[in-house]
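S.K.: This one is input.pdb, PDB, C-alpha atoms, pLDDT in the B column.
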```
ATOM      1  CA  MET A  91     -18.815   2.435  -2.332  1.00 43.00           C
ATOM      2  CA  ASP A  92     -21.790   0.638  -3.811  1.00 42.00           C
ATOM      3  CA  ALA A  93     -23.206  -2.667  -2.653  1.00 41.00           C
ATOM      4  CA  GLN A  94     -20.518  -4.594  -4.549  1.00 42.00           C
ATOM      5  CA  GLY A  95     -17.724  -2.686  -2.882  1.00 41.00           C
ATOM      6  CA  SER A  96     -16.654  -0.899  -6.044  1.00 48.00           C
ATOM      7  CA  ALA A  97     -16.078   2.823  -6.048  1.00 56.00           C
ATOM      8  CA  LYS A  98     -16.724   5.411  -8.675  1.00 58.00           C
ATOM      9  CA  GLY A  99     -14.716   8.382  -9.743  1.00 54.00           C
ATOM     10  CA  SER A 100     -16.096  11.820 -10.328  1.00 51.00           C
ATOM     11  CA  GLY A 101     -17.362  10.771 -13.742  1.00 55.00           C
ATOM     12  CA  GLY A 102     -19.523   8.100 -12.159  1.00 64.00           C
ATOM     13  CA  ARG A 103     -17.696   5.271 -13.905  1.00 77.00           C
ATOM     14  CA  ALA A 104     -16.944   2.212 -11.760  1.00 91.00           C
ATOM     15  CA  ASP A 105     -13.289   1.648 -10.905  1.00 95.00           C
ATOM     16  CA  PRO A 106     -11.553  -1.364 -12.450  1.00 95.00           C
ATOM     17  CA  PRO A 107     -11.643  -4.572 -10.413  1.00 95.00           C
ATOM     18  CA  PRO A 108      -8.717  -4.973  -8.002  1.00 95.00           C
ATOM     19  CA  TYR A 109      -5.364  -6.093  -9.383  1.00 97.00           C
ATOM     20  CA  TYR A 110      -4.489  -7.866  -6.132  1.00 97.00           C
ATOM     21  CA  ARG A 111      -7.121  -9.420  -3.898  1.00 97.00           C
ATOM     22  CA  VAL A 112      -4.916  -8.826  -0.862  1.00 98.00           C
ATOM     23  CA  HIS A 113      -2.149  -6.222  -0.942  1.00 98.00           C
ATOM     24  CA  VAL A 114       0.106  -6.194   2.106  1.00 98.00           C
ATOM     25  CA  PHE A 115       2.622  -3.437   2.831  1.00 98.00           C
ATOM     26  CA  CYS A 116       5.239  -4.165   5.482  1.00 98.00           C
ATOM     27  CA  CYS A 117       7.238  -1.174   6.673  1.00 97.00           C
ATOM     28  CA  VAL A 118      10.965  -1.776   6.364  1.00 96.00           C
ATOM     29  CA  ASN A 119      12.055   1.790   7.031  1.00 94.00           C
ATOM     30  CA  GLU A 120      15.346   2.409   8.807  1.00 94.00           C
ATOM     31  CA  ARG A 121      16.138   5.389  10.982  1.00 93.00           C
ATOM     32  CA  PRO A 122      19.411   6.270  12.699  1.00 93.00           C
ATOM     33  CA  ALA A 123      19.967   4.158  15.814  1.00 92.00           C
ATOM     34  CA  ALA A 124      19.486   7.079  18.200  1.00 91.00           C
ATOM     35  CA  HIS A 125      16.217   8.293  16.675  1.00 93.00           C
ATOM     36  CA  PRO A 126      13.605   8.678  19.430  1.00 92.00           C
ATOM     37  CA  ARG A 127      10.811   7.139  17.363  1.00 93.00           C
ATOM     38  CA  GLY A 128      12.742   3.984  16.575  1.00 92.00           C
ATOM     39  CA  CYS A 129      12.054   2.187  13.310  1.00 93.00           C
ATOM     40  CA  CYS A 130      10.533  -1.016  12.029  1.00 94.00           C
ATOM     41  CA  LEU A 131      13.772  -2.236  10.464  1.00 94.00           C
ATOM     42  CA  ALA A 132      15.606  -2.243  13.793  1.00 92.00           C
ATOM     43  CA  LYS A 133      12.818  -4.437  15.132  1.00 95.00           C
ATOM     44  CA  GLY A 134      13.347  -7.094  12.512  1.00 95.00           C
ATOM     45  CA  SER A 135      10.813  -6.060   9.872  1.00 96.00           C
ATOM     46  CA  GLN A 136      12.942  -6.972   6.858  1.00 96.00           C
ATOM     47  CA  ASP A 137      13.324 -10.608   7.910  1.00 98.00           C
ATOM     48  CA  LEU A 138       9.649 -10.800   8.862  1.00 98.00           C
ATOM     49  CA  ARG A 139       8.544  -9.363   5.538  1.00 98.00           C
ATOM     50  CA  ASP A 140      10.840 -11.722   3.632  1.00 98.00           C
ATOM     51  CA  TYR A 141       9.403 -14.621   5.619  1.00 98.00           C
ATOM     52  CA  MET A 142       5.837 -13.520   4.890  1.00 98.00           C
ATOM     53  CA  LYS A 143       6.565 -13.214   1.181  1.00 98.00           C
ATOM     54  CA  ALA A 144       8.208 -16.636   1.072  1.00 98.00           C
ATOM     55  CA  ARG A 145       5.351 -18.277   3.004  1.00 98.00           C
ATOM     56  CA  ALA A 146       2.735 -16.688   0.741  1.00 98.00           C
ATOM     57  CA  LYS A 147       4.602 -18.172  -2.212  1.00 97.00           C
ATOM     58  CA  GLU A 148       4.859 -21.596  -0.571  1.00 98.00           C
ATOM     59  CA  LEU A 149       1.134 -21.497   0.130  1.00 97.00           C
ATOM     60  CA  ARG A 150       0.557 -20.585  -3.526  1.00 97.00           C
ATOM     61  CA  LEU A 151      -1.695 -17.703  -2.602  1.00 97.00           C
ATOM     62  CA  ARG A 152      -3.036 -16.108  -5.737  1.00 94.00           C
ATOM     63  CA  GLN A 153      -3.729 -12.409  -6.251  1.00 96.00           C
ATOM     64  CA  VAL A 154      -1.801 -11.729  -3.064  1.00 98.00           C
ATOM     65  CA  ARG A 155       1.198  -9.402  -2.914  1.00 98.00           C
ATOM     66  CA  ILE A 156       3.468  -8.957   0.094  1.00 98.00           C
ATOM     67  CA  ASN A 157       5.276  -5.660  -0.480  1.00 98.00           C
ATOM     68  CA  ALA A 158       7.959  -3.848   1.407  1.00 98.00           C
ATOM     69  CA  SER A 159       7.235  -0.180   1.945  1.00 98.00           C
ATOM     70  CA  GLY A 160       8.862   2.955   3.210  1.00 97.00           C
ATOM     71  CA  CYS A 161       7.929   4.504   6.522  1.00 97.00           C
ATOM     72  CA  LEU A 162       4.246   4.051   7.356  1.00 97.00           C
ATOM     73  CA  ASP A 163       4.712   6.611  10.155  1.00 96.00           C
ATOM     74  CA  ARG A 164       3.537   4.449  13.023  1.00 95.00           C
ATOM     75  CA  CYS A 165       7.074   3.676  14.095  1.00 94.00           C
ATOM     76  CA  GLU A 166       6.390   3.323  17.805  1.00 94.00           C
ATOM     77  CA  LEU A 167       3.995   0.464  17.115  1.00 95.00           C
ATOM     78  CA  GLY A 168       6.289  -1.398  14.758  1.00 90.00           C
ATOM     79  CA  PRO A 169       6.967  -3.512  13.013  1.00 97.00           C
ATOM     80  CA  THR A 170       3.720  -2.505  11.348  1.00 97.00           C
ATOM     81  CA  MET A 171       1.912  -3.628   8.225  1.00 98.00           C
ATOM     82  CA  VAL A 172      -1.273  -2.508   6.513  1.00 98.00           C
ATOM     83  CA  ILE A 173      -3.462  -4.759   4.407  1.00 98.00           C
ATOM     84  CA  TYR A 174      -5.537  -3.257   1.604  1.00 98.00           C
ATOM     85  CA  PRO A 175      -8.171  -2.775   0.321  1.00 97.00           C
ATOM     86  CA  GLU A 176      -9.607  -3.269   3.812  1.00 97.00           C
ATOM     87  CA  GLY A 177      -7.044  -0.969   5.428  1.00 98.00           C
ATOM     88  CA  VAL A 178      -6.456  -3.158   8.463  1.00 98.00           C
ATOM     89  CA  TRP A 179      -3.228  -2.505  10.378  1.00 98.00           C
ATOM     90  CA  TYR A 180      -1.217  -4.970  12.400  1.00 98.00           C
ATOM     91  CA  GLY A 181       1.694  -4.701  14.766  1.00 97.00           C
ATOM     92  CA  TYR A 182       3.645  -7.953  14.692  1.00 97.00           C
ATOM     93  CA  ARG A 183       6.886  -9.301  16.053  1.00 97.00           C
ATOM     94  CA  THR A 184       7.407 -12.937  15.239  1.00 97.00           C
ATOM     95  CA  LYS A 185       7.114 -15.472  12.454  1.00 98.00           C
ATOM     96  CA  GLU A 186       4.228 -16.957  14.405  1.00 98.00           C
ATOM     97  CA  ASP A 187       2.454 -13.603  14.188  1.00 98.00           C
ATOM     98  CA  VAL A 188       3.043 -13.606  10.426  1.00 98.00           C
ATOM     99  CA  ASP A 189       1.728 -17.166  10.111  1.00 98.00           C
ATOM    100  CA  GLU A 190      -1.424 -16.222  11.989  1.00 98.00           C
ATOM    101  CA  ILE A 191      -2.014 -13.120   9.844  1.00 98.00           C
ATOM    102  CA  LEU A 192      -1.527 -15.172   6.681  1.00 98.00           C
ATOM    103  CA  GLU A 193      -3.810 -18.002   7.773  1.00 98.00           C
ATOM    104  CA  THR A 194      -6.536 -16.008   9.491  1.00 98.00           C
ATOM    105  CA  HIS A 195      -6.639 -12.772   7.499  1.00 98.00           C
ATOM    106  CA  VAL A 196      -5.087 -13.334   4.079  1.00 98.00           C
ATOM    107  CA  VAL A 197      -6.414 -16.855   3.460  1.00 97.00           C
ATOM    108  CA  LYS A 198      -9.671 -16.881   5.416  1.00 97.00           C
ATOM    109  CA  GLY A 199     -10.598 -13.197   5.382  1.00 97.00           C
ATOM    110  CA  GLY A 200     -10.802 -12.961   9.177  1.00 97.00           C
ATOM    111  CA  ARG A 201      -8.983 -10.685  11.590  1.00 98.00           C
ATOM    112  CA  VAL A 202      -6.200 -11.324  14.114  1.00 98.00           C
ATOM    113  CA  GLU A 203      -7.739  -9.211  16.825  1.00 97.00           C
ATOM    114  CA  ARG A 204      -4.818  -9.490  19.238  1.00 97.00           C
ATOM    115  CA  LEU A 205      -2.441  -7.834  16.747  1.00 97.00           C
ATOM    116  CA  MET A 206      -4.739  -5.253  15.168  1.00 97.00           C
ATOM    117  CA  LEU A 207      -3.918  -1.571  15.548  1.00 97.00           C
ATOM    118  CA  GLN A 208      -6.582   1.051  16.119  1.00 96.00           C
ATOM    119  CA  PRO A 209      -6.363   4.540  14.579  1.00 95.00           C
ATOM    120  CA  SER A 210      -5.991   5.955  18.093  1.00 94.00           C
ATOM    121  CA  ASP A 211      -2.963   3.784  18.909  1.00 94.00           C
ATOM    122  CA  LYS A 212       0.036   6.062  19.276  1.00 86.00           C
ATOM    123  CA  GLY A 213       2.468   4.763  21.832  1.00 72.00           C
ATOM    124  CA  VAL A 214       4.538   1.669  22.316  1.00 66.00           C
ATOM    125  CA  ARG A 215       2.525  -1.510  22.063  1.00 58.00           C
ATOM    126  CA  ALA A 216       2.061  -3.590  25.180  1.00 50.00           C
ATOM    127  CA  LYS A 217       4.292  -6.640  25.263  1.00 47.00           C
TER     128      LYS A 217
ATOM    129  CA  MET B  81     -18.457  -4.155   2.534  1.00 43.00           C
ATOM    130  CA  ASP B  82     -21.578  -2.613   4.017  1.00 42.00           C
ATOM    131  CA  ALA B  83     -23.277   0.560   2.870  1.00 41.00           C
ATOM    132  CA  GLN B  84     -20.777   2.715   4.750  1.00 42.00           C
ATOM    133  CA  GLY B  85     -17.836   1.046   3.080  1.00 41.00           C
ATOM    134  CA  SER B  86     -16.595  -0.648   6.226  1.00 48.00           C
ATOM    135  CA  ALA B  87     -15.681  -4.305   6.204  1.00 56.00           C
ATOM    136  CA  LYS B  88     -16.063  -6.952   8.831  1.00 58.00           C
ATOM    137  CA  GLY B  89     -13.747  -9.722   9.851  1.00 55.00           C
ATOM    138  CA  SER B  90     -14.784 -13.289  10.466  1.00 51.00           C
ATOM    139  CA  GLY B  91     -16.088 -12.374  13.898  1.00 55.00           C
ATOM    140  CA  GLY B  92     -18.526  -9.932  12.345  1.00 65.00           C
ATOM    141  CA  ARG B  93     -16.969  -6.937  14.079  1.00 78.00           C
ATOM    142  CA  ALA B  94     -16.526  -3.835  11.941  1.00 91.00           C
ATOM    143  CA  ASP B  95     -12.961  -2.930  11.035  1.00 95.00           C
ATOM    144  CA  PRO B  96     -11.506   0.238  12.557  1.00 95.00           C
ATOM    145  CA  PRO B  97     -11.919   3.420  10.517  1.00 95.00           C
ATOM    146  CA  PRO B  98      -9.071   4.101   8.087  1.00 95.00           C
ATOM    147  CA  TYR B  99      -5.844   5.524   9.438  1.00 97.00           C
ATOM    148  CA  TYR B 100      -5.180   7.375   6.176  1.00 97.00           C
ATOM    149  CA  ARG B 101      -7.975   8.658   3.964  1.00 97.00           C
ATOM    150  CA  VAL B 102      -5.752   8.288   0.915  1.00 98.00           C
ATOM    151  CA  HIS B 103      -2.730   5.972   0.968  1.00 98.00           C
ATOM    152  CA  VAL B 104      -0.523   6.153  -2.106  1.00 98.00           C
ATOM    153  CA  PHE B 105       2.243   3.671  -2.863  1.00 98.00           C
ATOM    154  CA  CYS B 106       4.754   4.645  -5.532  1.00 98.00           C
ATOM    155  CA  CYS B 107       7.016   1.862  -6.744  1.00 97.00           C
ATOM    156  CA  VAL B 108      10.685   2.821  -6.475  1.00 96.00           C
ATOM    157  CA  ASN B 109      12.113  -0.614  -7.151  1.00 94.00           C
ATOM    158  CA  GLU B 110      15.421  -0.910  -8.961  1.00 94.00           C
ATOM    159  CA  ARG B 111      16.473  -3.814 -11.156  1.00 93.00           C
ATOM    160  CA  PRO B 112      19.806  -4.357 -12.903  1.00 93.00           C
ATOM    161  CA  ALA B 113      20.112  -2.195 -16.016  1.00 92.00           C
ATOM    162  CA  ALA B 114      19.889  -5.160 -18.394  1.00 91.00           C
ATOM    163  CA  HIS B 115      16.783  -6.688 -16.844  1.00 93.00           C
ATOM    164  CA  PRO B 116      14.188  -7.327 -19.569  1.00 92.00           C
ATOM    165  CA  ARG B 117      11.276  -6.050 -17.481  1.00 93.00           C
ATOM    166  CA  GLY B 118      12.890  -2.716 -16.709  1.00 92.00           C
ATOM    167  CA  CYS B 119      12.079  -1.010 -13.437  1.00 93.00           C
ATOM    168  CA  CYS B 120      10.261   2.036 -12.129  1.00 94.00           C
ATOM    169  CA  LEU B 121      13.388   3.561 -10.594  1.00 94.00           C
ATOM    170  CA  ALA B 122      15.175   3.736 -13.943  1.00 92.00           C
ATOM    171  CA  LYS B 123      12.173   5.653 -15.265  1.00 95.00           C
ATOM    172  CA  GLY B 124      12.467   8.349 -12.636  1.00 95.00           C
ATOM    173  CA  SER B 125      10.074   7.077  -9.974  1.00 96.00           C
ATOM    174  CA  GLN B 126      12.133   8.197  -6.984  1.00 96.00           C
ATOM    175  CA  ASP B 127      12.141  11.830  -8.032  1.00 98.00           C
ATOM    176  CA  LEU B 128       8.460  11.681  -8.955  1.00 98.00           C
ATOM    177  CA  ARG B 129       7.529  10.157  -5.616  1.00 98.00           C
ATOM    178  CA  ASP B 130       9.610  12.712  -3.736  1.00 98.00           C
ATOM    179  CA  TYR B 131       7.879  15.461  -5.704  1.00 98.00           C
ATOM    180  CA  MET B 132       4.442  14.019  -4.952  1.00 98.00           C
ATOM    181  CA  LYS B 133       5.240  13.789  -1.235  1.00 98.00           C
ATOM    182  CA  ALA B 134       6.528  17.357  -1.139  1.00 98.00           C
ATOM    183  CA  ARG B 135       3.511  18.697  -3.043  1.00 98.00           C
ATOM    184  CA  ALA B 136       1.085  16.873  -0.754  1.00 98.00           C
ATOM    185  CA  LYS B 137       2.825  18.533   2.176  1.00 97.00           C
ATOM    186  CA  GLU B 138       2.725  21.958   0.544  1.00 98.00           C
ATOM    187  CA  LEU B 139      -0.980  21.501  -0.138  1.00 97.00           C
ATOM    188  CA  ARG B 140      -1.432  20.543   3.527  1.00 97.00           C
ATOM    189  CA  LEU B 141      -3.394  17.459   2.628  1.00 97.00           C
ATOM    190  CA  ARG B 142      -4.543  15.719   5.767  1.00 94.00           C
ATOM    191  CA  GLN B 143      -4.862  11.982   6.277  1.00 96.00           C
ATOM    192  CA  VAL B 144      -2.913  11.483   3.086  1.00 98.00           C
ATOM    193  CA  ARG B 145       0.306   9.466   2.896  1.00 98.00           C
ATOM    194  CA  ILE B 146       2.576   9.253  -0.128  1.00 98.00           C
ATOM    195  CA  ASN B 147       4.696   6.148   0.422  1.00 98.00           C
ATOM    196  CA  ALA B 148       7.528   4.601  -1.497  1.00 98.00           C
ATOM    197  CA  SER B 149       7.143   0.878  -2.017  1.00 98.00           C
ATOM    198  CA  GLY B 150       9.077  -2.089  -3.286  1.00 97.00           C
ATOM    199  CA  CYS B 151       8.270  -3.724  -6.606  1.00 97.00           C
ATOM    200  CA  LEU B 152       4.555  -3.624  -7.402  1.00 97.00           C
ATOM    201  CA  ASP B 153       5.239  -6.134 -10.214  1.00 96.00           C
ATOM    202  CA  ARG B 154       3.826  -4.090 -13.061  1.00 95.00           C
ATOM    203  CA  CYS B 155       7.256  -2.972 -14.169  1.00 94.00           C
ATOM    204  CA  GLU B 156       6.501  -2.704 -17.883  1.00 94.00           C
ATOM    205  CA  LEU B 157       3.855  -0.086 -17.152  1.00 95.00           C
ATOM    206  CA  GLY B 158       5.970   1.991 -14.822  1.00 90.00           C
ATOM    207  CA  PRO B 159       6.461   4.164 -13.080  1.00 97.00           C
ATOM    208  CA  THR B 160       3.347   2.837 -11.378  1.00 97.00           C
ATOM    209  CA  MET B 161       1.470   3.788  -8.232  1.00 98.00           C
ATOM    210  CA  VAL B 162      -1.569   2.358  -6.497  1.00 98.00           C
ATOM    211  CA  ILE B 163      -3.949   4.392  -4.365  1.00 98.00           C
ATOM    212  CA  TYR B 164      -5.848   2.690  -1.554  1.00 98.00           C
ATOM    213  CA  PRO B 165      -8.394   1.957  -0.252  1.00 97.00           C
ATOM    214  CA  GLU B 166      -9.911   2.308  -3.719  1.00 97.00           C
ATOM    215  CA  GLY B 167      -7.162   0.255  -5.361  1.00 98.00           C
ATOM    216  CA  VAL B 168      -6.821   2.501  -8.392  1.00 98.00           C
ATOM    217  CA  TRP B 169      -3.570   2.166 -10.336  1.00 98.00           C
ATOM    218  CA  TYR B 170      -1.815   4.809 -12.374  1.00 98.00           C
ATOM    219  CA  GLY B 171       1.088   4.830 -14.765  1.00 97.00           C
ATOM    220  CA  TYR B 172       2.702   8.248 -14.726  1.00 97.00           C
ATOM    221  CA  ARG B 173       5.784   9.912 -16.108  1.00 97.00           C
ATOM    222  CA  THR B 174       5.959  13.581 -15.300  1.00 97.00           C
ATOM    223  CA  LYS B 175       5.454  16.082 -12.517  1.00 98.00           C
ATOM    224  CA  GLU B 176       2.427  17.297 -14.448  1.00 98.00           C
ATOM    225  CA  ASP B 177       0.984  13.766 -14.204  1.00 98.00           C
ATOM    226  CA  VAL B 178       1.608  13.828 -10.451  1.00 98.00           C
ATOM    227  CA  ASP B 179      -0.055  17.246 -10.117  1.00 98.00           C
ATOM    228  CA  GLU B 180      -3.111  15.993 -11.977  1.00 98.00           C
ATOM    229  CA  ILE B 181      -3.386  12.856  -9.824  1.00 98.00           C
ATOM    230  CA  LEU B 182      -3.065  14.945  -6.666  1.00 98.00           C
ATOM    231  CA  GLU B 183      -5.624  17.529  -7.737  1.00 98.00           C
ATOM    232  CA  THR B 184      -8.155  15.280  -9.425  1.00 98.00           C
ATOM    233  CA  HIS B 185      -7.925  12.050  -7.437  1.00 98.00           C
ATOM    234  CA  VAL B 186      -6.404  12.774  -4.033  1.00 98.00           C
ATOM    235  CA  VAL B 187      -8.059  16.135  -3.387  1.00 97.00           C
ATOM    236  CA  LYS B 188     -11.319  15.836  -5.319  1.00 97.00           C
ATOM    237  CA  GLY B 189     -11.893  12.076  -5.286  1.00 97.00           C
ATOM    238  CA  GLY B 190     -12.098  11.834  -9.060  1.00 97.00           C
ATOM    239  CA  ARG B 191     -10.081   9.756 -11.499  1.00 98.00           C
ATOM    240  CA  VAL B 192      -7.416  10.649 -14.052  1.00 98.00           C
ATOM    241  CA  GLU B 193      -8.761   8.385 -16.757  1.00 97.00           C
ATOM    242  CA  ARG B 194      -5.901   8.955 -19.200  1.00 97.00           C
ATOM    243  CA  LEU B 195      -3.363   7.540 -16.729  1.00 97.00           C
ATOM    244  CA  MET B 196      -5.372   4.742 -15.124  1.00 97.00           C
ATOM    245  CA  LEU B 197      -4.204   1.161 -15.505  1.00 97.00           C
ATOM    246  CA  GLN B 198      -6.594  -1.700 -16.061  1.00 96.00           C
ATOM    247  CA  PRO B 199      -6.031  -5.149 -14.516  1.00 95.00           C
ATOM    248  CA  SER B 200      -5.554  -6.539 -18.014  1.00 94.00           C
ATOM    249  CA  ASP B 201      -2.758  -4.086 -18.865  1.00 94.00           C
ATOM    250  CA  LYS B 202       0.450  -6.057 -19.268  1.00 86.00           C
ATOM    251  CA  GLY B 203       2.702  -4.526 -21.850  1.00 72.00           C
ATOM    252  CA  VAL B 204       4.463  -1.256 -22.364  1.00 67.00           C
ATOM    253  CA  ARG B 205       2.169   1.734 -22.109  1.00 59.00           C
ATOM    254  CA  ALA B 206       1.503   3.744 -25.192  1.00 50.00           C
ATOM    255  CA  LYS B 207       3.421   6.997 -25.289  1.00 47.00           C
TER     256      LYS B 207
END
```
Since I need it in another form, could you write the structure as structure tokens?
M.R.:
Amino acid sequence: MDAQGSAKGSGGRADPPPYYRVHVFCCVNERPAAHPRGCCLAKGSQDLRDYMKARAKELRLRQVRINASGCLDRCELGPTMVIYPEGVWYGYRTKEDVDEILETHVVKGGRVERLMLQPSDKGVRAK
Amino acid sequence: MDAQGSAKGSGGRADPPPYYRVHVFCCVNERPAAHPRGCCLAKGSQDLRDYMKARAKELRLRQVRINASGCLDRCELGPTMVIYPEGVWYGYRTKEDVDEILETHVVKGGRVERLMLQPSDKGVRAK
């Protein structure tokens, strides 16, 4: 990364500017009910992602995309989402969590510390 | 971004290090056959993504995730993928394209210039 946050490929040419300013991926993967890891879908991730997408549209957020994704492989911490290009992960459970992520992170560029996941987080999140 | 490529939230605290070094999202969205925008799935994206995931596993690439995603909204250019955190987009069609992206971009950190999409790209890609 250079001072402007743009990266360069092996040829030294700067990458194109970002297509989306904020690109959110919400895991909506489903596993069989008895799977020991659980899955984000069984914990309501599809409805939460649909809500987030609808709210982003209502708020007329530009250059923001709220995508569904396949398994992000942090099932025990789910529902999970990751926001790029910053690569910040959240575990979230409610529409209020989604509202806070939208307002604090997506709109204002801050962080919702209480919901952020660390790379070392492996187990079930505290309630 | 600071010189190390890490970002800070509104509280000024550095974000956690990345969970994946390379996080690929391959659009596998399906639209009805008659939809004017087309869709990545109809152009073979599911098989190509499955191939990319399998190859990444065979190559034992660490901290690399090859995810399927919902509609990335660049349907006319598809199949499309985006690679984060760098936010580089590719339009690709063949297993050979996937092999080149894996070898040149994912493994070596370079760019496959012939397949890269620019933010201004809107229409159907040249063949």
S.K.: Would you please work out which residue, of A:Val112, A:Ile173, A:Leu167, A:Val154, is nearest to Cys129 of chain A when using all atoms listed in the file?
M.R.: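 Of all the options, A:Leu167 lies closest to Cys129 of chain A.
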S.K.: Name the residues in contact with Met132 of chain B at a cut-off of 9 Å, using all atoms listed in the file, excluding same-chain residues fewer than 6 positions from it; report them as a ChimeraX atom specification.
M.R.: /B:146,175,178-179,182
S.K.: From (-3.9, 7.2, -15.1), in the file's coordinates, out to 10 Å: which residues are reached, counting only C-alpha atoms? Answer as a list in words.
M.R.: Thr160, Met161, Val168, Trp169, Tyr170, Gly171, Tyr172, Asp177, Val178, Glu180, Ile181, His185, Arg191, Val192, Glu193, Arg194, Leu195, Met196, Leu197 and Gln198 of chain B
S.K.: Take the residues from that selection and write them out as a PDB file, in the frame of the given file, keeping C-alpha atoms.
M.R.:
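For reference, part_15.pdb as written:
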```
ATOM      1  CA  THR B 160       3.347   2.837 -11.378  1.00 97.00           C
ATOM      2  CA  MET B 161       1.470   3.788  -8.232  1.00 98.00           C
ATOM      3  CA  VAL B 168      -6.821   2.501  -8.392  1.00 98.00           C
ATOM      4  CA  TRP B 169      -3.570   2.166 -10.336  1.00 98.00           C
ATOM      5  CA  TYR B 170      -1.815   4.809 -12.374  1.00 98.00           C
ATOM      6  CA  GLY B 171       1.088   4.830 -14.765  1.00 97.00           C
ATOM      7  CA  TYR B 172       2.702   8.248 -14.726  1.00 97.00           C
ATOM      8  CA  ASP B 177       0.984  13.766 -14.204  1.00 98.00           C
ATOM      9  CA  VAL B 178       1.608  13.828 -10.451  1.00 98.00           C
ATOM     10  CA  GLU B 180      -3.111  15.993 -11.977  1.00 98.00           C
ATOM     11  CA  ILE B 181      -3.386  12.856  -9.824  1.00 98.00           C
ATOM     12  CA  HIS B 185      -7.925  12.050  -7.437  1.00 98.00           C
ATOM     13  CA  ARG B 191     -10.081   9.756 -11.499  1.00 98.00           C
ATOM     14  CA  VAL B 192      -7.416  10.649 -14.052  1.00 98.00           C
ATOM     15  CA  GLU B 193      -8.761   8.385 -16.757  1.00 97.00           C
ATOM     16  CA  ARG B 194      -5.901   8.955 -19.200  1.00 97.00           C
ATOM     17  CA  LEU B 195      -3.363   7.540 -16.729  1.00 97.00           C
ATOM     18  CA  MET B 196      -5.372   4.742 -15.124  1.00 97.00           C
ATOM     19  CA  LEU B 197      -4.204   1.161 -15.505  1.00 97.00           C
ATOM     20  CA  GLN B 198      -6.594  -1.700 -16.061  1.00 96.00           C
TER      21      GLN B 198
END
```
S.K.: Using the chain letters and numbers from the file, which residues does the PyMOL selection byres ((chain A and resi 120) around 6) grab, as a ChimeraX atom specification?
M.R.: /A:119,121,129,131
S.K.: Would you please work out which residue, of B:Pro112, B:Gly203, B:Pro159, B:Pro97, is nearest to chain A when using all atoms listed in the file?
M.R.: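 Checking each of B:Pro112, B:Gly203, B:Pro159, B:Pro97 against chain A, counting all atoms listed in the file, the winner is B:Pro97.
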S.K.: Quote the spacing between atom CA of Cys106 of chain B and atom CA of Asp153 of chain B in Å to one decimal place.
M.R.: 11.8 Å
S.K.: Rounded to one decimal, what separation in Å do you get between atom CA of Arg142 of chain B and atom CA of Ser210 of chain A?
M.R.: 15.8 Å
S.K.: Could you please determine the separation between atom CA of Glu176 of chain A and atom CA of Tyr164 of chain B in Å, to one decimal place?
M.R.: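 Interatomic distance, atom CA of Glu176 of chain A to atom CA of Tyr164 of chain B: 8.9 Å.
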S.K.: Might you pull out every residue within 9 Å of Arg127 of chain A, with all atoms listed in the file counted and same-chain residues fewer than 4 positions away left off, and present them as a ChimeraX atom specification?
M.R.: /A:121,164-166
